[in-house]
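**Q** Submitted below is the structure of interest, expressed as structure tokens.
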Amino acid sequence: MSNILTPLMPPYTPELAAVMERYPHQDGYLLNLFRVFANSARFAKKAVPNLLDKGSPLSLREREIVILRTTANNDCEYEWGVHVAIFASAAGFTEEQIVATKNAECDDSLWDGKEKALLASIDDLCRSGTMAQENLASFQRLWSKEEQLEIMALCGTYHTISFAANSARIGLEDFAARFPVA
């Protein structure tokens with residue numbers, strides 16, 4: 001038996017099939033990443049679906065800033081590209097902002113003050129697991145306690161997703177965006 005993470009194809013056990021049905025499908029297609037999650041029914045139950053619901057206290061744009069910056073900081077082209085392809089337009093990102101989530105500093109003129117603070121907070125969390133005092137003060141001022149926890153949960157979850165996608169070395173989805181050239 002191999003211990004290499006690979007995307008699993010159905011048929012799944014009935015328990016796992018029920019879990020995998022909760023994941024988003026596109027015309028019946030289940031992303032390779034989600035099929036990698038199928039290697040562990042426990043992990044698949046706990047992973048992504050619960051953070052991408054409409055009940056989030058964050059706006060779609062804020063959520064996607066967190067996800068794009070976290071996956072970019074973890075060099076996860078797979079997940080960054082999927083989110084750019086599926087959510088960037090709905091989140092209202094310009095092409096320059098999409099590129100900046102991967103290649104630019106958070107203090108450039110492409111972002112408003114709240115977005116700059118969010119990017120700086122995410123960069124701190126990705127780099128050290130905490131925030132510089134200045135960034136923490138902004139973070140606490142700009143987001144409610146519920147929003148702060150949601151941001152941290154997204155950042156942590158997308159670290160895990162990046163680790164899984166990068167370690168599984170799954171191929172990029174055909175429809176997904178590619179990292180911009182630096």
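Simple scheme: letters A, B, ... for chains in structure tokens order, numbers from 1 for residues in each chain, numbers from 1 for ligands in the order shown.
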Residues near region 165-178 of chain A, anyone? I mean within 6 Å using only C-alpha atoms, not counting same-chain ones fewer than 2 positions away, as a list in words.

**A**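 Neighbouring residues, sequence-local ones excluded: Leu5, Thr6, Tyr78, Gly81, Val82, Ala85, Ser162 and Phe163 of chain A.
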
**Q** List every residue of region 13-138 of chain A that DSSP, applied to the backbone of this structure, assigns to helix (DSSP H, G or I), and report them as an MDAnalysis selection string.

**A** chainID A and resid 14:20 32:37 41:46 48:51 60:73 77:87 95:103 113:128 133:138

**Q** May I ask which of the residues A:Asn74, A:Thr13, A:Ser144, A:Ser89 is the closest one to Thr160 (chain A), counting only C-alpha atoms?

**A**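 Answer, going by the shortest atom-to-atom distance: A:Asn74.
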
**Q** Quick check, in Å to one decimal: how far apart do CA of Lys116 (chain A) and CA of Ser59 (chain A) lie?

**A**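 For CA of Lys116 (chain A) relative to CA of Ser59 (chain A), the distance reads 15.3 Å.
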
**Q** Distance CA of Val36 (chain A)-CA of Leu8 (chain A), one decimal place?

**A**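 CA of Val36 (chain A) sits 6.1 Å away from CA of Leu8 (chain A).
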
**Q** Between A:Ala91, A:Leu16, A:Cys106, A:Leu125, which has the minimum distance to Leu58 (chain A) (counting only C-alpha atoms)?

**A**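 Using only C-alpha atoms, Leu58 (chain A) sits closest to A:Ala91.
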
**Q** What lies within 6 Å of region 68-71 of chain A using only C-alpha atoms, ignoring chain neighbours under 5 positions off, as a ChimeraX atom specification?

**A** /A:76,80,101

**Q** Ranking A:Ala17, A:Ala117, A:Val181, A:Met9 by minimum distance to Gln140 (chain A) and counting only C-alpha atoms, which one comes first?

**A**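 Counting only C-alpha atoms, the residue closest to Gln140 (chain A) is A:Ala117.
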
**Q** Counting only C-alpha atoms, what is within 9 Å of Pro57 (chain A), bar same-chain residues fewer than 6 positions away, as a ChimeraX atom specification?

**A** /A:146-147,150

**Q** With C-alpha atoms retained, could you export that selection as a compact mmCIF listing (two decimals), in the first residue's frame?

**A**
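And here's result01.txt as it stands now:
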# COMPACT_ATOMS: atom_id res chain seq x y z
CA GLU A 146 -16.19 36.92 15.12
CA GLU A 147 -14.53 38.28 11.97
CA GLU A 150 -12.97 33.73 10.79

**Q** When distances are computed from only C-alpha atoms, which of A:Val66, A:Ala100, A:Leu110, A:Met131 shows the smallest separation from Ala153 (chain A)?

**A**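 Counting only C-alpha atoms, the residue closest to Ala153 (chain A) is A:Val66.
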
**Q** Under the rule that only C-alpha atoms are counted, which of A:Asp124, A:Asn73, A:Ser56, A:His25 is the nearest residue to Leu149 (chain A)?

**A** A:Ser56

**Q** In terms of the shortest atom-to-atom distance over only C-alpha atoms, which of A:Val99, A:Ala38, A:Leu118, A:Met20 is closest to Arg61 (chain A)?

**A**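 Selected residue with least distance to Arg61 (chain A): A:Leu118.
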
**Q** As an exercise, work out the distance from CA of Asp108 (chain A) to CA of Glu64 (chain A) in Å and give it to one decimal place.

**A**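 The value is 18.0 Å.
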